[in-house]
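K.L.:
Structure file model18.cif (mmCIF, C-alpha atoms (C1' of nucleotides)) is given on the next line.
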data_structure
#
loop_
_atom_site.group_PDB
_atom_site.id
_atom_site.type_symbol
_atom_site.label_atom_id
_atom_site.label_comp_id
_atom_site.auth_asym_id
_atom_site.auth_seq_id
_atom_site.Cartn_x
_atom_site.Cartn_y
_atom_site.Cartn_z
ATOM 1 C CA MET A 1 -0.216 12.500 5.360
ATOM 2 C CA ASP A 2 -1.951 9.566 7.048
ATOM 3 C CA LYS A 3 -4.984 10.090 4.840
ATOM 4 C CA ILE A 4 -3.081 9.762 1.600
ATOM 5 C CA ILE A 5 -1.158 6.754 2.896
ATOM 6 C CA GLU A 6 -4.440 5.102 3.812
ATOM 7 C CA LYS A 7 -5.670 5.681 0.271
ATOM 8 C CA PHE A 8 -2.574 4.221 -1.356
ATOM 9 C CA LYS A 9 -2.713 1.274 1.017
ATOM 10 C CA ALA A 10 -6.352 0.718 0.136
ATOM 11 C CA LEU A 11 -5.441 0.501 -3.529
ATOM 12 C CA SER A 12 -2.448 -1.762 -3.097
ATOM 13 C CA ASP A 13 -4.391 -4.993 -2.943
ATOM 14 C CA GLU A 14 -5.611 -7.043 -5.877
ATOM 15 C CA THR A 15 -9.205 -7.516 -4.720
ATOM 16 C CA ARG A 16 -9.638 -3.859 -3.801
ATOM 17 C CA LEU A 17 -8.142 -2.690 -7.062
ATOM 18 C CA ARG A 18 -10.373 -5.045 -9.041
ATOM 19 C CA ILE A 19 -13.395 -3.646 -7.210
ATOM 20 C CA THR A 20 -12.304 -0.070 -7.846
ATOM 21 C CA ASN A 21 -11.779 -0.914 -11.495
ATOM 22 C CA LEU A 22 -15.336 -2.200 -11.844
ATOM 23 C CA PHE A 23 -16.813 0.992 -10.421
ATOM 24 C CA ILE A 24 -14.659 3.171 -12.644
ATOM 25 C CA LYS A 25 -15.301 1.208 -15.816
ATOM 26 C CA SER A 26 -19.027 0.631 -15.296
ATOM 27 C CA GLY A 27 -19.838 4.043 -13.861
ATOM 28 C CA LYS A 28 -22.569 2.337 -11.848
ATOM 29 C CA ASN A 29 -23.482 1.930 -8.207
ATOM 30 C CA LEU A 30 -23.072 -1.735 -7.363
ATOM 31 C CA CYS A 31 -24.183 -4.092 -4.638
ATOM 32 C CA VAL A 32 -22.092 -6.746 -2.909
ATOM 33 C CA CYS A 33 -23.662 -9.723 -4.634
ATOM 34 C CA GLU A 34 -23.073 -8.244 -8.081
ATOM 35 C CA LEU A 35 -19.418 -7.755 -7.199
ATOM 36 C CA MET A 36 -19.205 -11.325 -5.855
ATOM 37 C CA ASP A 37 -20.252 -12.706 -9.218
ATOM 38 C CA ALA A 38 -18.102 -10.355 -11.267
ATOM 39 C CA LEU A 39 -15.004 -11.090 -9.182
ATOM 40 C CA GLN A 40 -15.917 -14.697 -8.395
ATOM 41 C CA LEU A 41 -15.013 -14.161 -4.767
ATOM 42 C CA PRO A 42 -16.847 -15.076 -1.536
ATOM 43 C CA GLN A 43 -19.174 -12.589 0.156
ATOM 44 C CA TYR A 44 -16.968 -11.960 3.180
ATOM 45 C CA SER A 45 -14.057 -11.209 0.936
ATOM 46 C CA VAL A 46 -15.953 -8.619 -1.085
ATOM 47 C CA SER A 47 -17.525 -7.059 2.015
ATOM 48 C CA LYS A 48 -14.190 -6.707 3.755
ATOM 49 C CA ALA A 49 -12.533 -5.171 0.723
ATOM 50 C CA LEU A 50 -15.383 -2.687 0.365
ATOM 51 C CA GLY A 51 -15.070 -1.828 4.051
ATOM 52 C CA VAL A 52 -11.417 -0.894 3.618
ATOM 53 C CA LEU A 53 -12.124 1.191 0.519
ATOM 54 C CA LYS A 54 -15.044 2.901 2.212
ATOM 55 C CA SER A 55 -13.103 3.838 5.314
ATOM 56 C CA ALA A 56 -10.309 5.217 3.119
ATOM 57 C CA GLY A 57 -12.930 7.519 1.631
ATOM 58 C CA PHE A 58 -13.426 5.969 -1.794
ATOM 59 C CA PHE A 59 -16.999 4.877 -1.332
ATOM 60 C CA SER A 60 -20.206 5.644 0.420
ATOM 61 C CA THR A 61 -23.267 3.451 0.709
ATOM 62 C CA GLU A 62 -26.986 3.638 0.125
ATOM 63 C CA LYS A 63 -29.377 1.145 1.612
ATOM 64 C CA GLU A 64 -32.279 -0.206 -0.403
ATOM 65 C CA GLY A 65 -34.069 -2.894 1.537
ATOM 66 C CA THR A 66 -31.594 -5.627 2.391
ATOM 67 C CA TRP A 67 -29.419 -4.512 -0.493
ATOM 68 C CA ILE A 68 -26.620 -2.018 0.014
ATOM 69 C CA TYR A 69 -25.358 -0.091 -2.996
ATOM 70 C CA TYR A 70 -21.828 1.230 -2.975
ATOM 71 C CA LYS A 71 -20.922 4.305 -4.970
ATOM 72 C CA MET A 72 -17.654 6.106 -5.557
ATOM 73 C CA ASN A 73 -17.229 9.462 -3.864
ATOM 74 C CA LYS A 74 -16.637 11.446 -6.996
ATOM 75 C CA GLY A 75 -17.389 14.669 -5.165
ATOM 76 C CA ASN A 76 -14.108 14.564 -3.241
ATOM 77 C CA ALA A 77 -11.301 16.244 -5.200
ATOM 78 C CA GLU A 78 -8.590 13.870 -4.018
ATOM 79 C CA ILE A 79 -10.633 10.802 -4.943
ATOM 80 C CA LYS A 80 -11.478 12.348 -8.270
ATOM 81 C CA ALA A 81 -7.805 12.933 -9.002
ATOM 82 C CA ILE A 82 -6.919 9.356 -8.105
ATOM 83 C CA ILE A 83 -9.719 8.024 -10.280
ATOM 84 C CA SER A 84 -8.663 10.059 -13.255
ATOM 85 C CA PHE A 85 -5.115 8.809 -12.833
ATOM 86 C CA LEU A 86 -6.290 5.224 -12.486
ATOM 87 C CA LYS A 87 -8.410 5.366 -15.623
ATOM 88 C CA GLY A 88 -5.288 5.336 -17.752
ATOM 89 C CA TYR A 89 -3.569 2.482 -15.955
ATOM 90 C CA LEU A 90 -6.159 -0.153 -15.128
ATOM 91 C CA ILE A 91 -5.153 -2.440 -17.931
ATOM 92 C CA SER A 92 -4.994 -6.192 -17.358
ATOM 93 C CA GLU A 93 -6.626 -9.396 -18.515
ATOM 94 C CA VAL A 94 -8.010 -9.856 -14.999
ATOM 95 C CA PHE A 95 -9.794 -6.516 -15.134
ATOM 96 C CA SER A 96 -11.402 -7.125 -18.496
ATOM 97 C CA GLU A 97 -12.652 -10.571 -17.459
ATOM 98 C CA ASP A 98 -14.221 -8.958 -14.382
ATOM 99 C CA GLU A 99 -15.831 -6.338 -16.571
ATOM 100 C CA LYS A 100 -17.330 -8.947 -18.886
ATOM 101 C CA ARG A 101 -18.850 -10.876 -16.002
ATOM 102 C CA LEU A 102 -20.171 -7.701 -14.419
ATOM 103 C CA GLU A 103 -21.806 -6.649 -17.658
ATOM 104 C CA LYS A 104 -23.724 -9.930 -17.833
ATOM 105 C CA ARG A 105 -24.692 -9.645 -14.188
ATOM 106 C CA ILE A 106 -25.908 -6.070 -14.610
ATOM 107 C CA ALA A 107 -28.017 -7.182 -17.559
ATOM 108 C CA LEU A 108 -30.100 -9.181 -15.086
ATOM 109 C CA ARG A 109 -31.234 -6.054 -13.229
ATOM 110 C CA SER A 110 -34.841 -4.822 -13.206
ATOM 111 C CA ASN A 111 -35.306 -1.049 -13.221
ATOM 112 C CA ASP A 112 -31.555 -0.810 -12.895
ATOM 113 C CA LYS A 113 -31.659 -2.593 -9.522
ATOM 114 C CA CYS A 114 -30.246 -5.972 -8.595
ATOM 115 C CA VAL A 115 -32.923 -8.631 -8.132
ATOM 116 C CA VAL A 116 -30.680 -11.685 -8.080
ATOM 117 C CA GLY A 117 -29.029 -11.946 -4.667
ATOM 118 C CA ILE A 118 -26.526 -14.597 -3.696
ATOM 119 C CA ILE A 119 -27.020 -17.683 -5.825
ATOM 120 C CA PRO A 120 -24.873 -20.648 -6.877
ATOM 121 C CA GLU A 121 -22.787 -20.095 -9.990
ATOM 122 C CA LYS A 122 -24.722 -22.762 -11.878
ATOM 123 C CA GLU A 123 -27.973 -20.933 -11.382
ATOM 124 C CA LEU A 124 -26.385 -17.626 -12.360
ATOM 125 C CA LEU A 125 -25.179 -19.117 -15.613
ATOM 126 C CA ARG A 126 -28.686 -20.433 -16.279
ATOM 127 C CA LEU A 127 -30.206 -16.999 -15.728
ATOM 128 C CA ILE A 128 -27.673 -15.424 -18.057
ATOM 129 C CA LYS A 129 -28.283 -18.050 -20.704
ATOM 130 C CA GLU A 130 -32.027 -17.565 -20.402
ATOM 131 C CA LYS A 131 -31.615 -13.826 -20.895
ATOM 132 C CA THR A 132 -29.377 -14.302 -23.921
ATOM 133 C CA ASP A 133 -31.417 -17.008 -25.627
ATOM 134 C CA GLY A 134 -34.607 -15.017 -25.034
ATOM 135 C CA MET B 1 -1.870 -5.036 -12.468
ATOM 136 C CA ASP B 2 1.020 -6.194 -10.267
ATOM 137 C CA LYS B 3 3.079 -3.236 -11.401
ATOM 138 C CA ILE B 4 0.552 -0.658 -10.316
ATOM 139 C CA ILE B 5 -0.038 -2.437 -7.006
ATOM 140 C CA GLU B 6 3.693 -2.404 -6.384
ATOM 141 C CA LYS B 7 3.712 1.340 -6.996
ATOM 142 C CA PHE B 8 0.838 2.036 -4.625
ATOM 143 C CA LYS B 9 2.428 -0.201 -2.011
ATOM 144 C CA ALA B 10 5.698 1.664 -2.391
ATOM 145 C CA LEU B 11 3.936 4.928 -1.649
ATOM 146 C CA SER B 12 1.929 3.673 1.293
ATOM 147 C CA ASP B 13 4.652 4.074 3.869
ATOM 148 C CA GLU B 14 5.571 7.227 5.723
ATOM 149 C CA THR B 15 9.327 7.120 5.114
ATOM 150 C CA ARG B 16 8.946 6.353 1.433
ATOM 151 C CA LEU B 17 6.365 9.070 0.954
ATOM 152 C CA ARG B 18 8.560 11.594 2.764
ATOM 153 C CA ILE B 19 11.442 10.682 0.463
ATOM 154 C CA THR B 20 9.264 10.993 -2.616
ATOM 155 C CA ASN B 21 8.033 14.345 -1.392
ATOM 156 C CA LEU B 22 11.583 15.673 -1.080
ATOM 157 C CA PHE B 23 12.439 14.723 -4.653
ATOM 158 C CA ILE B 24 9.246 16.257 -6.004
ATOM 159 C CA LYS B 25 9.544 19.483 -4.042
ATOM 160 C CA SER B 26 13.276 20.012 -4.532
ATOM 161 C CA GLY B 27 13.457 18.847 -8.129
ATOM 162 C CA LYS B 28 16.998 17.682 -7.394
ATOM 163 C CA ASN B 29 18.927 14.447 -7.520
ATOM 164 C CA LEU B 30 19.798 13.532 -3.954
ATOM 165 C CA CYS B 31 22.220 11.211 -2.204
ATOM 166 C CA VAL B 32 21.480 8.966 0.759
ATOM 167 C CA CYS B 33 23.302 11.068 3.331
ATOM 168 C CA GLU B 34 21.413 14.205 2.341
ATOM 169 C CA LEU B 35 18.160 12.361 2.800
ATOM 170 C CA MET B 36 19.313 10.998 6.162
ATOM 171 C CA ASP B 37 19.749 14.517 7.481
ATOM 172 C CA ALA B 38 16.568 15.904 5.966
ATOM 173 C CA LEU B 39 14.479 13.018 7.335
ATOM 174 C CA GLN B 40 16.543 12.534 10.494
ATOM 175 C CA LEU B 41 16.521 8.788 9.941
ATOM 176 C CA PRO B 42 19.324 6.201 10.078
ATOM 177 C CA GLN B 43 21.221 5.222 6.941
ATOM 178 C CA TYR B 44 19.838 1.708 6.688
ATOM 179 C CA SER B 45 16.327 3.049 6.921
ATOM 180 C CA VAL B 46 16.822 5.527 4.079
ATOM 181 C CA SER B 47 18.676 2.991 1.917
ATOM 182 C CA LYS B 48 15.976 0.387 2.324
ATOM 183 C CA ALA B 49 13.194 2.832 1.550
ATOM 184 C CA LEU B 50 15.030 3.966 -1.577
ATOM 185 C CA GLY B 51 15.492 0.355 -2.599
ATOM 186 C CA VAL B 52 11.746 -0.265 -2.488
ATOM 187 C CA LEU B 53 10.984 2.909 -4.439
ATOM 188 C CA LYS B 54 13.645 2.112 -6.985
ATOM 189 C CA SER B 55 12.451 -1.408 -7.619
ATOM 190 C CA ALA B 56 8.894 -0.091 -8.009
ATOM 191 C CA GLY B 57 10.260 2.068 -10.817
ATOM 192 C CA PHE B 58 10.217 5.494 -9.191
ATOM 193 C CA PHE B 59 13.958 6.036 -9.137
ATOM 194 C CA SER B 60 17.173 5.258 -10.874
ATOM 195 C CA THR B 61 20.688 5.830 -9.609
ATOM 196 C CA GLU B 62 23.916 7.416 -10.739
ATOM 197 C CA LYS B 63 27.202 6.668 -9.097
ATOM 198 C CA GLU B 64 29.744 9.407 -8.433
ATOM 199 C CA GLY B 65 32.656 8.010 -6.511
ATOM 200 C CA THR B 66 31.360 6.544 -3.260
ATOM 201 C CA TRP B 67 28.255 8.700 -3.526
ATOM 202 C CA ILE B 68 25.117 7.426 -5.216
ATOM 203 C CA TYR B 69 22.610 9.952 -6.498
ATOM 204 C CA TYR B 70 18.989 8.967 -6.801
ATOM 205 C CA LYS B 71 16.756 10.630 -9.343
ATOM 206 C CA MET B 72 13.083 10.280 -10.154
ATOM 207 C CA ASN B 73 12.208 8.536 -13.397
ATOM 208 C CA LYS B 74 10.269 11.382 -14.904
ATOM 209 C CA GLY B 75 10.567 9.816 -18.337
ATOM 210 C CA ASN B 76 8.068 7.060 -17.511
ATOM 211 C CA ALA B 77 4.491 8.183 -18.217
ATOM 212 C CA GLU B 78 2.956 6.273 -15.316
ATOM 213 C CA ILE B 79 5.453 7.727 -12.845
ATOM 214 C CA LYS B 80 4.918 11.170 -14.294
ATOM 215 C CA ALA B 81 1.174 10.848 -13.805
ATOM 216 C CA ILE B 82 1.593 9.736 -10.205
ATOM 217 C CA ILE B 83 3.965 12.601 -9.508
ATOM 218 C CA SER B 84 1.625 15.167 -10.926
ATOM 219 C CA PHE B 85 -1.193 13.778 -8.821
ATOM 220 C CA LEU B 86 0.980 13.760 -5.723
ATOM 221 C CA LYS B 87 2.053 17.356 -6.173
ATOM 222 C CA GLY B 88 -1.376 18.545 -5.157
ATOM 223 C CA TYR B 89 -1.685 16.329 -2.089
ATOM 224 C CA LEU B 90 1.660 16.278 -0.319
ATOM 225 C CA ILE B 91 0.645 18.689 2.373
ATOM 226 C CA SER B 92 1.696 18.106 5.969
ATOM 227 C CA GLU B 93 3.810 19.666 8.683
ATOM 228 C CA VAL B 94 6.138 16.664 8.483
ATOM 229 C CA PHE B 95 6.804 17.291 4.809
ATOM 230 C CA SER B 96 7.565 20.970 5.222
ATOM 231 C CA GLU B 97 9.963 20.324 8.103
ATOM 232 C CA ASP B 98 11.782 17.804 5.912
ATOM 233 C CA GLU B 99 11.939 20.352 3.116
ATOM 234 C CA LYS B 100 13.434 22.999 5.398
ATOM 235 C CA ARG B 101 16.139 20.660 6.621
ATOM 236 C CA LEU B 102 16.896 19.501 3.094
ATOM 237 C CA GLU B 103 17.258 23.072 1.894
ATOM 238 C CA LYS B 104 19.886 23.763 4.533
ATOM 239 C CA ARG B 105 21.682 20.541 3.720
ATOM 240 C CA ILE B 106 21.687 21.285 -0.006
ATOM 241 C CA ALA B 107 23.145 24.706 0.725
ATOM 242 C CA LEU B 108 26.289 22.893 1.898
ATOM 243 C CA ARG B 109 26.944 21.424 -1.563
ATOM 244 C CA SER B 110 29.935 22.415 -3.702
ATOM 245 C CA ASN B 111 29.313 22.549 -7.446
ATOM 246 C CA ASP B 112 25.871 21.183 -6.685
ATOM 247 C CA LYS B 113 27.350 17.978 -5.264
ATOM 248 C CA CYS B 114 27.255 16.699 -1.713
ATOM 249 C CA VAL B 115 30.578 17.034 0.081
ATOM 250 C CA VAL B 116 29.376 16.347 3.613
ATOM 251 C CA GLY B 117 28.858 12.611 4.023
ATOM 252 C CA ILE B 118 27.541 10.975 7.156
ATOM 253 C CA ILE B 119 28.313 13.152 10.159
ATOM 254 C CA PRO B 120 26.858 13.557 13.662
ATOM 255 C CA GLU B 121 23.947 15.974 13.951
ATOM 256 C CA LYS B 122 25.971 18.315 16.123
ATOM 257 C CA GLU B 123 28.582 18.756 13.458
ATOM 258 C CA LEU B 124 25.956 19.249 10.793
ATOM 259 C CA LEU B 125 24.384 22.047 12.798
ATOM 260 C CA ARG B 126 27.792 23.649 13.170
ATOM 261 C CA LEU B 127 28.401 23.548 9.413
ATOM 262 C CA ILE B 128 25.003 25.080 8.766
ATOM 263 C CA LYS B 129 25.589 27.817 11.349
ATOM 264 C CA GLU B 130 29.003 28.556 9.849
ATOM 265 C CA LYS B 131 27.445 28.904 6.404
ATOM 266 C CA THR B 132 24.708 31.212 7.679
ATOM 267 C CA ASP B 133 26.869 33.422 9.869
ATOM 268 C CA GLY B 134 29.337 33.850 7.034
ATOM 269 C "C1'" DC C 1 -43.984 -13.465 15.560
ATOM 270 C "C1'" DA C 2 -40.463 -16.701 12.668
ATOM 271 C "C1'" DA C 3 -37.936 -17.639 8.372
ATOM 272 C "C1'" DA C 4 -35.186 -16.097 4.748
ATOM 273 C "C1'" DT C 5 -31.733 -13.240 2.748
ATOM 274 C "C1'" DA C 6 -28.055 -9.412 1.916
ATOM 275 C "C1'" DT C 7 -24.386 -7.727 4.169
ATOM 276 C "C1'" DA C 8 -20.986 -6.989 8.080
ATOM 277 C "C1'" DT C 9 -17.829 -8.482 11.453
ATOM 278 C "C1'" DG C 10 -15.183 -11.097 15.249
ATOM 279 C "C1'" DC C 11 -11.790 -14.437 15.598
ATOM 280 C "C1'" DC C 12 -7.622 -17.054 14.422
ATOM 281 C "C1'" DA C 13 -3.907 -19.002 11.799
ATOM 282 C "C1'" DA C 14 -0.972 -17.996 7.947
ATOM 283 C "C1'" DT C 15 1.629 -14.758 5.732
ATOM 284 C "C1'" DA C 16 3.876 -10.389 4.775
ATOM 285 C "C1'" DT C 17 6.085 -6.133 6.317
ATOM 286 C "C1'" DT C 18 8.920 -3.398 9.275
ATOM 287 C "C1'" DA C 19 12.728 -1.836 12.339
ATOM 288 C "C1'" DG C 20 17.010 -2.477 14.079
ATOM 289 C "C1'" DC C 21 21.440 -4.234 14.264
ATOM 290 C "C1'" DA C 22 25.471 -6.023 12.230
ATOM 291 C "C1'" DT C 23 27.973 -6.747 8.396
ATOM 292 C "C1'" DA C 24 29.101 -6.570 3.368
ATOM 293 C "C1'" DT C 25 30.431 -4.016 -0.785
ATOM 294 C "C1'" DA C 26 32.647 -0.677 -3.544
ATOM 295 C "C1'" DA C 27 35.250 3.269 -4.333
ATOM 296 C "C1'" DC C 28 38.675 6.370 -2.861
ATOM 297 C "C1'" DA C 29 42.866 7.862 -0.215
ATOM 298 C "C1'" DA C 30 47.327 7.181 1.637
ATOM 299 C "C1'" DT D 1 48.151 -2.776 0.574
ATOM 300 C "C1'" DT D 2 45.361 -0.872 4.394
ATOM 301 C "C1'" DG D 3 42.083 2.373 6.151
ATOM 302 C "C1'" DT D 4 38.145 5.165 5.483
ATOM 303 C "C1'" DT D 5 33.708 6.264 3.933
ATOM 304 C "C1'" DA D 6 28.999 6.012 1.395
ATOM 305 C "C1'" DT D 7 25.760 2.797 0.560
ATOM 306 C "C1'" DA D 8 23.487 -1.922 0.455
ATOM 307 C "C1'" DT D 9 21.880 -6.033 2.476
ATOM 308 C "C1'" DG D 10 21.204 -10.403 5.438
ATOM 309 C "C1'" DC D 11 19.115 -11.773 9.595
ATOM 310 C "C1'" DT D 12 15.602 -11.663 13.264
ATOM 311 C "C1'" DA D 13 12.031 -10.210 16.376
ATOM 312 C "C1'" DA D 14 8.016 -7.387 16.413
ATOM 313 C "C1'" DT D 15 4.122 -5.990 14.109
ATOM 314 C "C1'" DA D 16 0.578 -5.694 10.575
ATOM 315 C "C1'" DT D 17 -2.227 -7.799 6.987
ATOM 316 C "C1'" DT D 18 -4.801 -11.410 4.861
ATOM 317 C "C1'" DG D 19 -8.006 -15.314 4.110
ATOM 318 C "C1'" DG D 20 -11.302 -18.246 5.787
ATOM 319 C "C1'" DC D 21 -14.843 -19.680 8.709
ATOM 320 C "C1'" DA D 22 -18.591 -18.846 11.659
ATOM 321 C "C1'" DT D 23 -21.691 -15.817 13.314
ATOM 322 C "C1'" DA D 24 -24.114 -11.336 13.856
ATOM 323 C "C1'" DT D 25 -27.162 -7.668 12.100
ATOM 324 C "C1'" DA D 26 -30.822 -5.710 9.627
ATOM 325 C "C1'" DT D 27 -34.498 -5.849 6.514
ATOM 326 C "C1'" DT D 28 -38.166 -8.116 4.135
ATOM 327 C "C1'" DT D 29 -41.776 -11.625 3.780
ATOM 328 C "C1'" DG D 30 -45.308 -14.534 5.462
#
So that I can check it, write out the structure of this file as structure tokens.
P.N.:
Amino acid sequence: MDKIIEKFKALSDETRLRITNLFIKSGKNLCVCELMDALQLPQYSVSKALGVLKSAGFFSTEKEGTWIYYKMNKGNAEIKAIISFLKGYLISEVFSEDEKRLEKRIALRSNDKCVVGIIPEKELLRLIKEKTDG
Amino acid sequence: MDKIIEKFKALSDETRLRITNLFIKSGKNLCVCELMDALQLPQYSVSKALGVLKSAGFFSTEKEGTWIYYKMNKGNAEIKAIISFLKGYLISEVFSEDEKRLEKRIALRSNDKCVVGIIPEKELLRLIKEKTDG
DNA sequence: CAAATATATGCCAATATTAGCATATAACAA
DNA sequence: TTGTTATATGCTAATATTGGCATATATTTG
């Protein structure tokens, strides 16, 4: 019982649900700095939220240099069931704004890997503009 | 988003999950005093837990005299989806003990309605024994 | 080696949740 | 009306959670 309670508790927080939404909607493995920009939240806030979700069993991590990529544990049946439930009910303006920002951030990847890091918002917007304008 | 967070929060508590389990497993409408005996928890504790679940949308109530029967809102699609997910994952010794006690308590109904009320455990055990021994 | 950078974590104050008791409410019974 | 009973709720202390800052860790680069 404690396991399932821990999972529900993990999902009953706005930041953690927004993070979960981004993984479900994008289907991608994501690093902390990409999530920071999509959610517009500080690094410690994203890291802590990911820590809670990971220890509840939703995510595992893969290291690539100084980057750490989080991925959903779709292998686990319980997680899979929760995800497929969530898919139908993650509907909110907040979520879709996050998704839009993530999409732009992901577009800055090289070989499908993040090469941006933690940068001021102004610089991020410049990079995105550059990409768009060509 | 707030709605779904409220639902997860409602389910991330042992008492509230045990209550939800009893409704799912028994398929019955239940009153507070039946739940008290099945869960072996004080009245205020059961009432408060039901209040949280109700305001999260899981339950509605029907009054019958001084008794109030709670029933799951199976009409709501979101609730239905959560219930069908839960069915597969409500597995624990605690749950099955609750279910056993509820079964005995339900057996004391007349015309499928509770006629027991709030009584000391000793007396409850006597009623159950009486019923069993014939 | 030192510097830089992505991520994690320890600490603390602010805030939210819980558990327990006492009491309130509402319906019935006499 | 008064008493009884099933249920709800207000209050408070104890406990848990959160948000923010500062700092730690680990890896890469030079």
K.L.:
Between A:Gly75, A:Arg105, A:Gly51, A:Ser26, which has the minimum distance to Ile118 (chain A) (counting all atoms listed in the file)?
P.N.:
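Of all the options, A:Arg105 lies closest to Ile118 (chain A).
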K.L.:
Would you please work out which residue, of D:DT2, D:DT27, D:DC11, D:DT17, is nearest to Ser12 (chain A) when using all atoms listed in the file?
P.N.:
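Ranked by minimum distance to Ser12 (chain A), first place goes to D:DT17.
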K.L.:
Return the neighbours of chain B among the residues of chain D, cut-off 8 Å, counting only C-alpha atoms (C1' of nucleotides), as a list in words.
P.N.:
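So the residues of chain D near chain B are DT5, DA6, DT7 and DA8 of chain D.
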K.L.:
How many Å lie between CA of Glu103 (chain A) and CA of Lys7 (chain A), rounded to one decimal?
P.N.:
27.1 Å
K.L.:
Output as CSV one row per residue of chain B within 9 Å of chain A: the closest atom pair and its distance in Å to one decimal place, counting all atoms listed in the file, sorted by chain and residue number ascending.
P.N.:
residue,atom,partner,partner_atom,distance
B:Met1,CA,A:Ser92,CA,5.9
B:Asp2,CA,A:Glu14,CA,8.0
B:Ile4,CA,A:Tyr89,CA,7.7
B:Ile5,CA,A:Ser12,CA,4.6
B:Glu6,CA,A:Ser12,CA,7.0
B:Lys7,CA,A:Ser12,CA,7.9
B:Phe8,CA,A:Phe8,CA,5.2
B:Lys9,CA,A:Ser12,CA,5.2
B:Ala10,CA,A:Phe8,CA,8.7
B:Leu11,CA,A:Phe8,CA,6.6
B:Ser12,CA,A:Ile5,CA,4.6
B:Asp13,CA,A:Ile5,CA,6.5
B:Glu14,CA,A:Ile5,CA,7.3
B:Leu17,CA,A:Ile5,CA,8.1
B:Glu78,CA,A:Tyr89,CA,7.6
B:Ala81,CA,A:Phe85,CA,6.7
B:Ile82,CA,A:Phe85,CA,7.3
B:Phe85,CA,A:Ala81,CA,6.7
B:Gly88,CA,A:Glu78,CA,8.7
B:Tyr89,CA,A:Glu78,CA,7.6
B:Leu90,CA,A:Met1,CA,7.1
B:Ile91,CA,A:Met1,CA,6.9
B:Ser92,CA,A:Met1,CA,6.0
B:Glu93,CA,A:Met1,CA,8.9
B:Val94,CA,A:Met1,CA,8.2
B:Phe95,CA,A:Met1,CA,8.5
K.L.:
Store the residues picked out above in a file with C-alpha atoms, as an mmCIF file, keeping the file's coordinate frame.
P.N.:
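Final file, again-v8.cif:
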data_model
loop_
_atom_site.group_PDB
_atom_site.id
_atom_site.type_symbol
_atom_site.label_atom_id
_atom_site.label_comp_id
_atom_site.auth_asym_id
_atom_site.auth_seq_id
_atom_site.Cartn_x
_atom_site.Cartn_y
_atom_site.Cartn_z
ATOM 1 C CA MET B 1 -1.870 -5.036 -12.468
ATOM 2 C CA ASP B 2 1.020 -6.194 -10.267
ATOM 3 C CA ILE B 4 0.552 -0.658 -10.316
ATOM 4 C CA ILE B 5 -0.038 -2.437 -7.006
ATOM 5 C CA GLU B 6 3.693 -2.404 -6.384
ATOM 6 C CA LYS B 7 3.712 1.340 -6.996
ATOM 7 C CA PHE B 8 0.838 2.036 -4.625
ATOM 8 C CA LYS B 9 2.428 -0.201 -2.011
ATOM 9 C CA ALA B 10 5.698 1.664 -2.391
ATOM 10 C CA LEU B 11 3.936 4.928 -1.649
ATOM 11 C CA SER B 12 1.929 3.673 1.293
ATOM 12 C CA ASP B 13 4.652 4.074 3.869
ATOM 13 C CA GLU B 14 5.571 7.227 5.723
ATOM 14 C CA LEU B 17 6.365 9.070 0.954
ATOM 15 C CA GLU B 78 2.956 6.273 -15.316
ATOM 16 C CA ALA B 81 1.174 10.848 -13.805
ATOM 17 C CA ILE B 82 1.593 9.736 -10.205
ATOM 18 C CA PHE B 85 -1.193 13.778 -8.821
ATOM 19 C CA GLY B 88 -1.376 18.545 -5.157
ATOM 20 C CA TYR B 89 -1.685 16.329 -2.089
ATOM 21 C CA LEU B 90 1.660 16.278 -0.319
ATOM 22 C CA ILE B 91 0.645 18.689 2.373
ATOM 23 C CA SER B 92 1.696 18.106 5.969
ATOM 24 C CA GLU B 93 3.810 19.666 8.683
ATOM 25 C CA VAL B 94 6.138 16.664 8.483
ATOM 26 C CA PHE B 95 6.804 17.291 4.809
#
K.L.:
For this structure, which residues satisfy the selection - the PyMOL selection byres ((chain C and resi 14) around 10) - when it is evaluated on the file as given? I want them as a PyMOL selection string.
P.N.:
(chain C and resi 12-13+15-16) or (chain D and resi 18-19)
K.L.:
Counting all atoms listed in the file, which residues in chain C sit no more than 8 Å from chain A? For each one, give the nearest pair of atoms and the distance in Å, sorted by chain then residue number, as JSON lines.
P.N.:
{"residue": "C:DT5", "atom": "C1'", "partner": "A:Thr66", "partner_atom": "CA", "distance": 7.6}
{"residue": "C:DA6", "atom": "C1'", "partner": "A:Thr66", "partner_atom": "CA", "distance": 5.2}
{"residue": "C:DT7", "atom": "C1'", "partner": "A:Ser47", "partner_atom": "CA", "distance": 7.2}
{"residue": "C:DA8", "atom": "C1'", "partner": "A:Ser47", "partner_atom": "CA", "distance": 7.0}
K.L.:
Could you check how far C1' of DA2 (chain C) sits from CA of Cys114 (chain A), in Å to one decimal?
P.N.:
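Computed distance, C1' of DA2 (chain C) to CA of Cys114 (chain A), equals 25.9 Å.
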K.L.:
Just give me the gap between CA of Val115 (chain A) and CA of Ile83 (chain A) in Å, one decimal is fine.
P.N.:
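Distance reported for this atom pair: 28.6 Å.
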K.L.:
Evaluate the PyMOL selection byres ((chain A and resi 104) around 10) against this structure - the residues, as a list of chain:residue names, please.
P.N.:
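So the PyMOL selection byres ((chain A and resi 104) around 10) ends up selecting A:Glu34, A:Asp37, A:Ala38, A:Glu99, A:Lys100, A:Arg101, A:Leu102, A:Glu103, A:Arg105, A:Ile106, A:Ala107, A:Leu108, A:Arg109, A:Leu124, A:Leu125, A:Leu127, A:Ile128, A:Lys129, A:Lys131, A:Thr132.
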K.L.:
Kindly resolve the PyMOL selection byres ((chain D and resi 24) around 8) on the present coordinates and return the residues as a PyMOL selection string.
P.N.:
(chain C and resi 8-9) or (chain D and resi 23+25)
